[in-house]
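> Dropping in model-v3.txt, which is compact mmCIF, C-alpha atoms:
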```
# COMPACT_ATOMS: atom_id res chain seq x y z
CA MET A 162 -23.75 -89.19 -155.48
CA ARG A 163 -24.72 -89.99 -151.90
CA LYS A 164 -26.17 -87.47 -149.52
CA ALA A 165 -23.68 -86.13 -147.00
CA LYS A 166 -25.59 -87.37 -143.95
CA ALA A 167 -24.91 -90.87 -142.68
CA MET A 168 -26.92 -93.85 -143.80
CA ARG A 169 -29.86 -94.52 -141.51
CA TRP A 170 -33.10 -96.40 -141.61
CA ARG A 171 -36.38 -96.05 -139.77
CA LEU A 172 -39.89 -97.36 -139.68
CA SER A 173 -42.88 -95.50 -141.03
CA THR A 174 -43.97 -92.76 -138.62
CA LEU A 175 -47.38 -92.21 -140.19
CA ASP A 176 -49.00 -92.69 -136.78
CA ASN A 177 -48.90 -95.20 -133.95
CA ASN A 178 -50.80 -97.73 -136.02
CA GLY A 179 -48.44 -97.24 -138.94
CA THR A 180 -45.44 -97.69 -136.68
CA GLN A 181 -46.85 -100.93 -135.30
CA ILE A 182 -47.46 -102.25 -138.81
CA GLY A 183 -43.94 -101.24 -139.82
CA GLN A 184 -42.58 -103.17 -136.86
CA LEU A 185 -44.63 -106.18 -137.90
CA VAL A 186 -43.22 -106.08 -141.43
CA LEU A 187 -39.65 -105.70 -140.17
CA ALA A 188 -40.08 -108.54 -137.68
CA GLU A 189 -41.38 -110.82 -140.41
CA TYR A 190 -38.51 -110.14 -142.79
CA SER A 191 -35.93 -110.38 -140.03
CA SER A 192 -37.01 -113.81 -138.78
CA ALA A 193 -34.71 -116.73 -139.52
CA PRO A 194 -37.38 -118.93 -141.21
CA VAL A 195 -38.42 -116.14 -143.61
CA VAL A 196 -34.82 -115.22 -144.45
CA ALA A 197 -34.05 -118.89 -145.15
CA HIS A 198 -37.19 -119.20 -147.27
CA PHE A 199 -36.25 -116.24 -149.44
CA ALA A 200 -32.64 -117.37 -149.69
CA ALA A 201 -33.86 -120.62 -151.23
CA ALA A 202 -36.35 -118.82 -153.47
CA ALA A 203 -33.68 -116.37 -154.67
CA LYS A 204 -32.12 -119.10 -156.80
CA ALA A 205 -35.17 -119.00 -159.08
CA GLY A 206 -34.19 -115.52 -160.28
CA LEU A 207 -36.46 -113.14 -162.13
CA TRP A 208 -40.10 -114.04 -162.70
CA PRO A 209 -40.90 -114.62 -166.41
CA SER A 210 -42.97 -111.40 -166.46
CA GLU A 211 -40.14 -109.39 -164.87
CA LEU A 212 -37.59 -110.80 -167.30
CA GLU A 213 -39.82 -110.02 -170.29
CA LEU A 214 -40.32 -106.40 -169.20
CA VAL A 215 -36.63 -105.93 -168.40
CA ASP A 216 -35.67 -107.30 -171.82
CA ARG A 217 -38.27 -105.14 -173.53
CA TYR A 218 -37.67 -101.80 -171.82
CA PHE A 219 -34.42 -101.64 -169.83
CA GLN A 220 -31.24 -100.23 -171.30
CA PRO A 221 -27.77 -100.75 -169.76
CA GLY A 222 -27.30 -98.58 -166.69
CA ARG A 223 -27.52 -98.26 -162.92
CA VAL A 224 -30.32 -100.05 -161.06
CA LEU A 225 -31.63 -99.58 -157.52
CA ASP A 226 -33.26 -102.78 -156.25
CA LEU A 227 -35.53 -101.67 -153.39
CA GLY A 228 -36.67 -104.33 -150.95
CA CYS A 229 -33.96 -106.51 -152.45
CA GLY A 230 -34.31 -109.21 -149.82
CA VAL A 231 -31.73 -111.91 -150.41
CA GLY A 232 -31.06 -110.87 -154.01
CA ARG A 233 -33.59 -112.73 -156.15
CA VAL A 234 -33.66 -109.77 -158.57
CA THR A 235 -30.31 -108.16 -157.71
CA ILE A 236 -28.11 -111.12 -158.61
CA PRO A 237 -29.54 -111.92 -162.08
CA LEU A 238 -29.54 -108.23 -163.03
CA SER A 239 -25.88 -108.05 -162.08
CA THR A 240 -25.07 -111.11 -164.21
CA MET A 241 -26.93 -109.42 -167.10
CA GLY A 242 -24.46 -106.53 -166.91
CA PHE A 243 -26.40 -103.93 -164.91
CA GLU A 244 -24.70 -101.99 -162.12
CA VAL A 245 -27.02 -102.82 -159.22
CA ILE A 246 -27.32 -101.57 -155.65
CA GLY A 247 -29.61 -103.57 -153.35
CA VAL A 248 -31.38 -101.86 -150.44
CA ASP A 249 -33.57 -103.50 -147.81
CA ILE A 250 -34.91 -102.40 -144.43
CA SER A 251 -34.02 -105.77 -142.86
CA PRO A 252 -30.37 -106.16 -141.75
CA ALA A 253 -30.91 -109.93 -141.70
CA MET A 254 -31.92 -109.93 -145.36
CA ILE A 255 -28.93 -107.79 -146.33
CA ALA A 256 -26.55 -110.10 -144.46
CA ALA A 257 -28.02 -113.11 -146.27
CA ALA A 258 -27.84 -111.31 -149.63
CA ARG A 259 -24.14 -110.56 -149.13
CA GLU A 260 -23.48 -114.19 -148.21
CA LEU A 261 -25.38 -115.53 -151.23
CA THR A 262 -23.71 -113.07 -153.59
CA ALA A 263 -20.28 -114.10 -152.33
CA THR A 264 -21.03 -117.71 -153.27
CA GLU A 265 -21.85 -116.51 -156.81
CA ASP A 266 -18.46 -114.75 -157.03
CA LEU A 267 -20.17 -111.42 -157.74
CA SER A 268 -19.47 -107.92 -156.44
CA ILE A 269 -22.77 -106.21 -155.57
CA GLN A 270 -23.29 -103.31 -153.19
CA TYR A 271 -25.96 -103.99 -150.55
CA GLU A 272 -27.14 -101.52 -147.93
CA VAL A 273 -29.65 -101.39 -145.11
CA GLY A 274 -32.01 -98.53 -145.92
CA ASP A 275 -35.56 -97.22 -145.88
CA ALA A 276 -37.52 -96.56 -149.08
CA LEU A 277 -39.13 -93.59 -147.34
CA ASP A 278 -35.81 -91.78 -147.14
CA LEU A 279 -33.38 -92.97 -149.80
CA GLN A 280 -29.82 -91.93 -149.11
CA PHE A 281 -28.94 -91.13 -152.71
CA ASP A 282 -28.70 -87.90 -154.64
CA GLY A 283 -31.36 -87.05 -157.18
CA LYS A 284 -31.17 -88.53 -160.69
CA THR A 285 -28.71 -91.25 -159.64
CA PHE A 286 -30.34 -94.34 -161.18
CA ASP A 287 -31.48 -95.30 -164.66
CA HIS A 288 -33.92 -97.87 -163.27
CA VAL A 289 -35.58 -98.65 -159.92
CA ILE A 290 -37.17 -102.02 -159.11
CA PHE A 291 -39.48 -102.74 -156.17
CA SER A 292 -40.37 -106.41 -156.58
CA ASN A 293 -42.39 -108.92 -154.56
CA GLN A 294 -45.18 -106.40 -153.85
CA GLY A 295 -42.73 -104.56 -151.60
CA TRP A 296 -44.20 -101.12 -152.28
CA MET A 297 -47.55 -102.36 -150.95
CA GLN A 298 -45.96 -103.44 -147.68
CA ILE A 299 -45.45 -99.78 -146.79
CA PRO A 300 -48.27 -98.96 -144.33
CA GLY A 301 -50.42 -95.93 -145.07
CA ALA A 302 -51.36 -94.24 -148.34
CA SER A 303 -49.34 -91.11 -147.57
CA ASP A 304 -46.16 -93.10 -146.96
CA ARG A 305 -46.67 -95.17 -150.12
CA LEU A 306 -46.97 -91.88 -152.01
CA ARG A 307 -43.84 -90.59 -150.31
CA VAL A 308 -41.95 -93.70 -151.46
CA LEU A 309 -43.10 -93.12 -155.04
CA ARG A 310 -41.83 -89.54 -154.86
CA GLU A 311 -38.50 -90.74 -153.49
CA ILE A 312 -38.23 -93.19 -156.38
CA ARG A 313 -38.99 -90.43 -158.85
CA ARG A 314 -36.37 -88.21 -157.21
CA VAL A 315 -33.52 -90.72 -157.57
CA LEU A 316 -34.44 -91.66 -161.16
CA VAL A 317 -32.89 -89.87 -164.10
CA ASP A 318 -35.28 -88.20 -166.54
CA GLY A 319 -36.72 -90.98 -168.64
CA GLY A 320 -35.72 -93.58 -166.02
CA LEU A 321 -37.86 -96.67 -165.49
CA PHE A 322 -39.69 -97.95 -162.40
CA LEU A 323 -40.62 -101.64 -162.37
CA PHE A 324 -42.75 -103.03 -159.54
CA SER A 325 -45.49 -105.52 -158.76
CA THR A 326 -48.75 -105.45 -156.82
CA HIS A 327 -51.73 -107.66 -156.28
CA SER A 328 -54.97 -106.16 -157.59
CA ARG A 329 -58.17 -105.53 -155.65
CA PRO A 330 -61.36 -106.33 -157.57
CA CYS A 331 -64.48 -104.17 -157.51
CA VAL A 332 -66.52 -104.76 -154.35
CA LEU A 333 -69.69 -104.81 -156.48
CA THR A 334 -68.55 -107.92 -158.34
CA ASP A 335 -66.50 -109.82 -155.75
CA THR A 336 -68.24 -111.36 -152.73
CA LEU A 337 -65.13 -111.64 -150.56
CA TRP A 338 -64.16 -108.01 -151.02
CA ALA A 339 -67.76 -106.89 -150.58
CA LYS A 340 -67.72 -108.53 -147.14
CA ARG A 341 -64.40 -106.86 -146.33
CA TRP A 342 -65.82 -103.49 -147.39
CA LEU A 343 -68.85 -103.96 -145.12
CA ARG A 344 -66.65 -104.93 -142.17
CA TRP A 345 -64.26 -102.02 -142.77
CA HIS A 346 -67.01 -99.39 -142.85
CA GLY A 347 -69.33 -101.11 -140.40
CA ARG A 348 -67.01 -101.70 -137.44
CA PRO A 349 -66.61 -97.99 -136.51
CA LEU A 350 -70.38 -97.58 -136.66
CA LEU A 351 -70.66 -100.36 -134.09
CA GLY A 352 -67.95 -98.86 -131.90
CA LEU A 353 -65.51 -101.63 -132.84
CA HIS A 354 -61.82 -101.27 -133.64
CA ARG A 355 -60.72 -101.87 -137.21
CA ARG A 356 -57.17 -102.88 -137.90
CA GLY A 357 -55.24 -101.14 -140.61
CA ILE A 358 -55.02 -97.64 -142.01
CA ASP A 359 -56.67 -97.89 -145.43
CA PHE A 360 -59.32 -100.11 -146.94
CA GLY A 361 -57.40 -102.86 -148.69
CA ASP A 362 -54.99 -103.46 -145.77
CA LEU A 363 -54.76 -107.18 -145.08
CA PHE A 364 -53.21 -109.07 -142.18
CA TYR A 365 -52.74 -112.80 -142.45
CA VAL A 366 -50.54 -115.56 -141.14
CA ARG A 367 -48.01 -117.02 -143.55
CA ARG A 368 -47.48 -120.69 -142.94
CA ASP A 369 -45.37 -121.52 -146.00
CA VAL A 370 -42.02 -120.96 -144.32
CA GLY A 371 -42.19 -123.34 -141.38
CA ALA A 372 -43.42 -120.74 -138.91
CA SER A 373 -46.67 -118.92 -138.13
CA LEU A 374 -45.77 -115.32 -138.85
CA GLU A 375 -48.24 -112.55 -139.46
CA GLN A 376 -47.86 -110.55 -142.65
CA PHE A 377 -49.16 -107.14 -143.78
CA LEU A 378 -50.00 -106.27 -147.36
CA HIS A 379 -52.07 -103.51 -148.93
CA ILE A 380 -54.10 -104.57 -151.98
CA PRO A 381 -54.80 -101.59 -154.27
CA LYS A 382 -57.16 -101.28 -157.20
CA ARG A 383 -55.36 -101.46 -160.50
CA ASP A 384 -56.83 -98.20 -161.78
CA HIS A 385 -55.68 -96.46 -158.58
CA ILE A 386 -52.09 -97.46 -159.29
CA GLN A 387 -52.37 -96.15 -162.84
CA LYS A 388 -53.82 -92.82 -161.69
CA LEU A 389 -51.16 -92.47 -158.98
CA LEU A 390 -48.36 -93.04 -161.47
CA GLN A 391 -49.79 -90.49 -163.87
CA ALA A 392 -50.34 -87.87 -161.15
CA GLU A 393 -46.77 -88.24 -159.89
CA GLY A 394 -45.08 -87.81 -163.25
CA PHE A 395 -44.82 -91.37 -164.57
CA GLN A 396 -45.96 -92.73 -167.91
CA LEU A 397 -47.20 -96.31 -167.71
CA LEU A 398 -45.49 -98.34 -170.43
CA GLY A 399 -46.80 -101.83 -169.85
CA THR A 400 -48.08 -104.49 -167.47
CA LEU A 401 -47.90 -108.26 -167.31
CA ARG A 402 -49.68 -110.66 -164.97
CA GLU A 403 -47.29 -113.19 -163.45
CA GLN A 404 -48.84 -116.59 -164.11
CA THR A 405 -46.36 -118.65 -162.05
CA ILE A 406 -47.41 -117.08 -158.72
CA LYS A 407 -50.52 -118.37 -156.96
CA HIS A 408 -52.30 -115.02 -156.67
CA GLN A 409 -50.93 -113.77 -160.00
CA PRO A 410 -49.57 -110.30 -159.16
CA VAL A 411 -49.39 -107.65 -161.87
CA VAL A 412 -45.95 -106.37 -162.84
CA TYR A 413 -45.83 -102.75 -164.01
CA VAL A 414 -43.16 -100.73 -165.79
CA ALA A 415 -43.42 -96.93 -165.94
CA ARG A 416 -41.17 -94.15 -167.22
CA LYS A 417 -40.36 -90.96 -165.32
CA ARG A 418 -41.31 -87.93 -167.38
CA ARG A 419 -38.78 -85.15 -167.71
CA ASP A 420 -38.78 -82.60 -164.92
CA LEU A 421 -40.51 -79.39 -166.01
```
The structure given in the file should be rewritten as structure tokens.

Amino acid sequence: MRKAKAMRWRLSTLDNNGTQIGQLVLAEYSSAPVVAHFAAAAKAGLWPSELELVDRYFQPGRVLDLGCGVGRVTIPLSTMGFEVIGVDISPAMIAAARELTATEDLSIQYEVGDALDLQFDGKTFDHVIFSNQGWMQIPGASDRLRVLREIRRVLVDGGLFLFSTHSRPCVLTDTLWAKRWLRWHGRPLLGLHRRGIDFGDLFYVRRDVGASLEQFLHIPKRDHIQKLLQAEGFQLLGTLREQTIKHQPVVYVARKRRDL
């Protein structure tokens, strides 16, 4: 099942900027306050939207939980009877996940790993989950595409990919995003540096965990996600907006088409 080469993980090497953003993301999810925050939040389990889509579409089988964090999704899926492997780029998160799982008297395999280079053979999993907008914390459009292709590679034909993203509104109808668009395209014209790789990259300080830690997140347009899935061999099955989260992310479920 596993590739012969040893497990390894790395940051995005898109370019220097991408590497710096990758380091920022890793630092955030390795910090003690953030790990503790997610350990407490893990007890809430699946979001209602996630649970509804899992109940509606998933069949018994093997699940890869990418960006598993402390096990918010991994643990309930295991208790539901799925065979789950949790993978996260943060060793601190994996250590906390193992500790939390031990208290639940469960046996779940957790590994440190990079979504850009999954250390599994092709067609290994029936389902892949990338929750908590984790896919959109990969810096750079080309690396996000590479992750999608890796997910497709490890899914069996007909396998399901469940993930969530926030959605970027049209700049013509949203004042805030219109201002961001003007800044993004205007700064280079003025000889000023712009931070980020793609329009839609956001950097902000999260203050909800008892520490001032900067966070990176790419906000895509919803139709872009749908077109990307279709172009890369996925059939979109359904979406639900999660009402219990402040910014109401959209949860998607898509099926891998059969290899031609």
> Residues near Arg419 (chain A), anyone? I mean within 12 Å using only C-alpha atoms, not counting same-chain ones fewer than 4 positions away, as an mmCIF file with C-alpha atoms, in the coordinates of the input.

```
data_model
loop_
_atom_site.group_PDB
_atom_site.id
_atom_site.type_symbol
_atom_site.label_atom_id
_atom_site.label_comp_id
_atom_site.auth_asym_id
_atom_site.auth_seq_id
_atom_site.Cartn_x
_atom_site.Cartn_y
_atom_site.Cartn_z
ATOM 1 C CA LYS A 284 -31.170 -88.530 -160.690
ATOM 2 C CA ARG A 313 -38.990 -90.430 -158.850
ATOM 3 C CA ARG A 314 -36.370 -88.210 -157.210
ATOM 4 C CA LEU A 316 -34.440 -91.660 -161.160
ATOM 5 C CA VAL A 317 -32.890 -89.870 -164.100
ATOM 6 C CA ASP A 318 -35.280 -88.200 -166.540
ATOM 7 C CA GLY A 319 -36.720 -90.980 -168.640
ATOM 8 C CA GLY A 320 -35.720 -93.580 -166.020
ATOM 9 C CA LEU A 321 -37.860 -96.670 -165.490
ATOM 10 C CA GLU A 393 -46.770 -88.240 -159.890
ATOM 11 C CA GLY A 394 -45.080 -87.810 -163.250
ATOM 12 C CA PHE A 395 -44.820 -91.370 -164.570
ATOM 13 C CA GLN A 396 -45.960 -92.730 -167.910
#
```
> With all atoms listed in the file as the atoms that count, which of A:Leu238, A:Ile246, A:Leu390, A:Ile380 lies nearest to Glu211 (chain A)?
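Nearest to Glu211 (chain A): A:Leu238.
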> Measuring between only C-alpha atoms, which one of A:Pro410, A:Trp345, A:Leu351, A:Ser191 shows the shortest distance to Leu374 (chain A)?
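Checking each of A:Pro410, A:Trp345, A:Leu351, A:Ser191 against Leu374 (chain A), counting only C-alpha atoms, the winner is A:Ser191.
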> From the options A:Glu265, A:Val289, A:Arg356, A:Glu311, which residue's atoms come nearest to Arg344 (chain A), counting all atoms listed in the file?
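Comparing A:Glu265, A:Val289, A:Arg356, A:Glu311 against Arg344 (chain A), the winner is A:Arg356.
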> Point out the residue among A:His385, A:Thr336, A:Met241, A:Asp362 with the least atom-to-atom distance to Phe219 (chain A), counting all atoms listed in the file.
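Among A:His385, A:Thr336, A:Met241, A:Asp362, it is A:Met241 that comes nearest to Phe219 (chain A).
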> Counting all atoms listed in the file, which of A:Phe199, A:Phe243, A:Phe281, A:Phe324 gets nearest to Leu397 (chain A)?
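Closest to Leu397 (chain A) of all the choices is A:Phe324.
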> Let me make sure I understand: among A:Ile386, A:Ala200, A:Val332, A:Val308, which one has the smallest atom-to-atom distance to Asp278 (chain A) if we use only C-alpha atoms?
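Comparing A:Ile386, A:Ala200, A:Val332, A:Val308 against Asp278 (chain A), the winner is A:Val308.
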> Quick one: residues within 8 Å of Arg259 (chain A), only C-alpha atoms, excluding same-chain residues fewer than 5 positions away - as a list in words?
Val231, Ile269 and Tyr271 of chain A
